[in-house]
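Trainee: File protein12.pdb follows (PDB, C-alpha atoms):
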```pdb
ATOM      1  CA  MET A   1     198.972 -13.964 114.647
ATOM      2  CA  ALA A   2     199.355 -14.683 118.348
ATOM      3  CA  LEU A   3     201.428 -17.775 117.550
ATOM      4  CA  GLU A   4     203.896 -15.731 115.479
ATOM      5  CA  ALA A   5     204.321 -13.245 118.319
ATOM      6  CA  TYR A   6     204.938 -16.123 120.748
ATOM      7  CA  THR A   7     207.561 -17.799 118.552
ATOM      8  CA  SER A   8     209.359 -14.523 117.919
ATOM      9  CA  GLN A   9     209.565 -14.015 121.689
ATOM     10  CA  LEU A  10     211.101 -17.469 122.072
ATOM     11  CA  THR A  11     213.805 -16.840 119.495
ATOM     12  CA  ASP A  12     214.651 -13.519 121.118
ATOM     13  CA  LYS A  13     215.081 -15.237 124.487
ATOM     14  CA  ILE A  14     218.101 -17.338 123.416
ATOM     15  CA  GLN A  15     221.093 -15.801 125.126
ATOM     16  CA  THR A  16     224.459 -17.231 124.253
ATOM     17  CA  ASP A  17     226.081 -16.080 127.507
ATOM     18  CA  VAL A  18     223.648 -18.273 129.466
ATOM     19  CA  LEU A  19     224.548 -21.258 127.287
ATOM     20  CA  THR A  20     228.250 -20.529 127.725
ATOM     21  CA  LYS A  21     227.900 -20.311 131.504
ATOM     22  CA  ALA A  22     226.003 -23.604 131.594
ATOM     23  CA  ARG A  23     228.674 -25.289 129.479
ATOM     24  CA  ILE A  24     231.477 -23.945 131.668
ATOM     25  CA  SER A  25     229.731 -25.126 134.840
ATOM     26  CA  CYS A  26     229.262 -28.537 133.222
ATOM     27  CA  TYR A  27     232.962 -28.724 132.344
ATOM     28  CA  LYS A  28     233.959 -27.762 135.888
ATOM     29  CA  ALA A  29     231.666 -30.402 137.394
ATOM     30  CA  ARG A  30     233.003 -32.993 134.945
ATOM     31  CA  ASP A  31     236.618 -32.140 135.743
ATOM     32  CA  ALA A  32     235.916 -32.304 139.489
ATOM     33  CA  PHE A  33     234.361 -35.757 139.112
ATOM     34  CA  TYR A  34     237.160 -37.173 136.974
ATOM     35  CA  SER A  35     239.845 -35.735 139.247
ATOM     36  CA  CYS A  36     238.069 -37.462 142.144
ATOM     37  CA  LEU A  37     238.188 -40.709 140.139
ATOM     38  CA  GLU A  38     241.929 -40.306 139.615
ATOM     39  CA  LYS A  39     242.521 -39.409 143.256
ATOM     40  CA  GLU A  40     240.455 -42.326 144.573
ATOM     41  CA  SER A  41     241.606 -44.834 141.946
ATOM     42  CA  ASN A  42     243.087 -47.118 144.601
ATOM     43  CA  LYS A  43     239.656 -47.643 146.225
ATOM     44  CA  LYS A  44     237.211 -50.289 145.080
ATOM     45  CA  PRO A  45     234.571 -48.900 142.698
ATOM     46  CA  THR A  46     231.087 -49.735 143.959
ATOM     47  CA  GLU A  47     228.870 -47.233 142.120
ATOM     48  CA  ILE A  48     227.786 -47.572 138.494
ATOM     49  CA  GLY A  49     227.581 -44.626 136.099
ATOM     50  CA  THR A  50     226.596 -44.543 132.460
ATOM     51  CA  VAL A  51     228.194 -46.796 129.833
ATOM     52  CA  GLY A  52     229.516 -49.138 132.521
ATOM     53  CA  LEU A  53     231.698 -46.562 134.273
ATOM     54  CA  LEU A  54     232.460 -47.673 137.829
ATOM     55  CA  TYR A  55     233.459 -45.248 140.565
ATOM     56  CA  PRO A  56     234.060 -45.360 144.329
ATOM     57  CA  THR A  57     231.493 -44.152 146.867
ATOM     58  CA  ASP A  58     233.779 -41.240 147.804
ATOM     59  CA  CYS A  59     233.057 -39.678 144.396
ATOM     60  CA  LYS A  60     229.279 -40.027 144.652
ATOM     61  CA  LYS A  61     228.634 -36.361 145.543
ATOM     62  CA  THR A  62     230.799 -35.051 142.709
ATOM     63  CA  ARG A  63     229.066 -37.499 140.344
ATOM     64  CA  GLN A  64     225.622 -36.266 141.390
ATOM     65  CA  TYR A  65     226.685 -32.657 140.877
ATOM     66  CA  TYR A  66     228.198 -33.555 137.492
ATOM     67  CA  VAL A  67     224.981 -35.279 136.369
ATOM     68  CA  LYS A  68     222.948 -32.309 137.608
ATOM     69  CA  GLN A  69     225.077 -29.722 135.788
ATOM     70  CA  CYS A  70     225.405 -31.507 132.438
ATOM     71  CA  ARG A  71     222.941 -32.784 129.895
ATOM     72  CA  PRO A  72     222.483 -36.569 130.020
ATOM     73  CA  THR A  73     223.852 -36.955 126.488
ATOM     74  CA  TRP A  74     226.967 -35.018 127.497
ATOM     75  CA  VAL A  75     227.463 -37.164 130.601
ATOM     76  CA  LYS A  76     227.249 -40.295 128.485
ATOM     77  CA  HIS A  77     229.645 -38.819 125.914
ATOM     78  CA  PHE A  78     232.221 -37.746 128.513
ATOM     79  CA  ASP A  79     231.976 -41.117 130.288
ATOM     80  CA  ARG A  80     232.606 -42.915 126.988
ATOM     81  CA  GLN A  81     235.617 -40.682 126.331
ATOM     82  CA  TYR A  82     237.010 -41.330 129.811
ATOM     83  CA  CYS A  83     236.537 -45.109 129.520
ATOM     84  CA  ALA A  84     238.175 -45.164 126.088
ATOM     85  CA  LYS A  85     241.104 -43.093 127.359
ATOM     86  CA  LYS A  86     241.548 -45.437 130.329
ATOM     87  CA  LYS A  87     241.374 -48.491 128.072
ATOM     88  CA  VAL A  88     244.103 -47.107 125.795
ATOM     89  CA  GLN A  89     246.205 -46.177 128.825
ATOM     90  CA  ARG A  90     245.861 -49.722 130.226
ATOM     91  CA  LEU A  91     246.910 -51.187 126.880
ATOM     92  CA  LEU A  92     249.913 -48.879 126.684
ATOM     93  CA  ASP A  93     250.924 -49.640 130.265
ATOM     94  CA  ASP A  94     250.483 -53.365 129.647
ATOM     95  CA  ASN A  95     252.652 -53.269 126.509
ATOM     96  CA  GLU A  96     255.454 -51.488 128.357
ATOM     97  CA  SER A  97     255.717 -54.423 130.740
ATOM     98  CA  ARG A  98     256.280 -56.698 127.740
ATOM     99  CA  ARG A  99     259.057 -54.601 126.253
ATOM    100  CA  GLY A 100     262.717 -55.130 126.946
ATOM    101  CA  PRO A 101     264.857 -58.218 126.858
ATOM    102  CA  LEU A 102     263.088 -61.452 126.345
ATOM    103  CA  SER A 103     263.311 -63.580 129.451
ATOM    104  CA  LEU A 104     263.689 -67.197 128.515
ATOM    105  CA  PRO A 105     263.660 -70.014 130.995
ATOM    106  CA  GLN A 106     267.157 -70.644 132.268
ATOM    107  CA  PRO A 107     268.682 -73.947 131.180
ATOM    108  CA  TYR A 108     269.062 -76.439 133.962
ATOM    109  CA  THR A 109     272.560 -77.521 134.854
ATOM    110  CA  PHE A 110     273.786 -80.342 132.704
ATOM    111  CA  LYS A 111     274.942 -83.550 134.264
ATOM    112  CA  PRO A 112     278.640 -84.027 133.886
ATOM    113  CA  PRO A 113     279.582 -86.663 131.310
ATOM    114  CA  CYS A 114     279.760 -90.133 132.674
ATOM    115  CA  SER A 115     283.313 -91.142 133.647
ATOM    116  CA  CYS A 116     282.843 -94.762 132.768
TER     117      CYS A 116
END
```
As a first step, turn the structure in this file into structure tokens.

Mentor:
Amino acid sequence: MALEAYTSQLTDKIQTDVLTKARISCYKARDAFYSCLEKESNKKPTEIGTVGLLYPTDCKKTRQYYVKQCRPTWVKHFDRQYCAKKKVQRLLDDNESRRGPLSLPQPYTFKPPCSC
């Protein structure tokens, strides 16, 4: 009987507004970290995150806050999404450089015919 009373107390304790606030704070921390990555993209990445994500030292504090605010599975998921988005962007940017007129090697100047 005591166990049933305990479990009913646990189910009553779930408050959706707390979960919503936690999710929103996670999203804000995530967005702050990824905006730091974009802002500091010209600097050499020296720190390693999950799923092979590299980031500069300047973003270390925002990364720590992001990891603290979000569940580890969410951090891994968002890092995978970011890496996939960057990979697609690199491929698209790389293909644009290949578009346009085909540049063939210029023919060398021909020797004039022999006036023999």

Trainee: Could you name the residues that touch A:Phe33 at 10 Å or less, counting only C-alpha atoms, but leaving out those on the same chain fewer than 5 positions away, as a PyMOL selection string?

Mentor: chain A and resi 27-28+38-39+55+59-67

Trainee: Would you compute the distance between atom CA of A:Arg80 and atom CA of A:Val18? Give it in Å to one decimal.

Mentor: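 So the two atoms, atom CA of A:Arg80 and atom CA of A:Val18, lie 26.3 Å apart.
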
Trainee: Translate the PyMOL selection byres ((chain A and resi 76) around 12), as applied to the file shown, into an explicit residue set as a list in words.

Mentor: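 Taken on the displayed file, the PyMOL selection byres ((chain A and resi 76) around 12) yields the residues Arg30, Gly49, Thr50, Val51, Gly52, Leu53, Tyr66, Val67, Cys70, Arg71, Pro72, Thr73, Trp74, Val75, His77, Phe78, Asp79, Arg80, Gln81, Tyr82 and Cys83 of chain A.
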
Trainee: Atom CA of A:Leu37 and atom CA of A:Ala84, how far apart in Å?

Mentor: 14.7 Å

Trainee: To one decimal place, how far is atom CA of A:Lys68 from atom CA of A:Lys44 in Å?

Mentor: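 It comes out at 24.1 Å.
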
Trainee: Near A:Lys43, within 9 Å and counting all atoms listed in the file, which residues show up once chain neighbours fewer than 4 positions away are dropped, as a compact mmCIF listing (two decimals) with C-alpha atoms, keeping the file's coordinate frame?

Mentor:
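Dumped to out.txt:
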```txt
# COMPACT_ATOMS: atom_id res chain seq x y z
CA TYR A 55 233.46 -45.25 140.56
CA PRO A 56 234.06 -45.36 144.33
CA THR A 57 231.49 -44.15 146.87
CA ASP A 58 233.78 -41.24 147.80
```

Trainee: Around stretch 53-62 of chain A, with edges along x, y and z and 6 Å added on all six sides, what centre and edge lengths do you get, in Å to one decimal, as AutoDock Vina command-line options?

Mentor:
```
--center_x 231.3 --center_y -41.4 --center_z 141.0 --size_x 17.4 --size_y 24.6 --size_z 25.5
```

Trainee: Which one of A:Gln69, A:Thr16, A:Lys86, A:Ala22 sits closest to A:Ser41 if you count all atoms listed in the file?

Mentor: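 Using all atoms listed in the file, A:Ser41 sits closest to A:Lys86.
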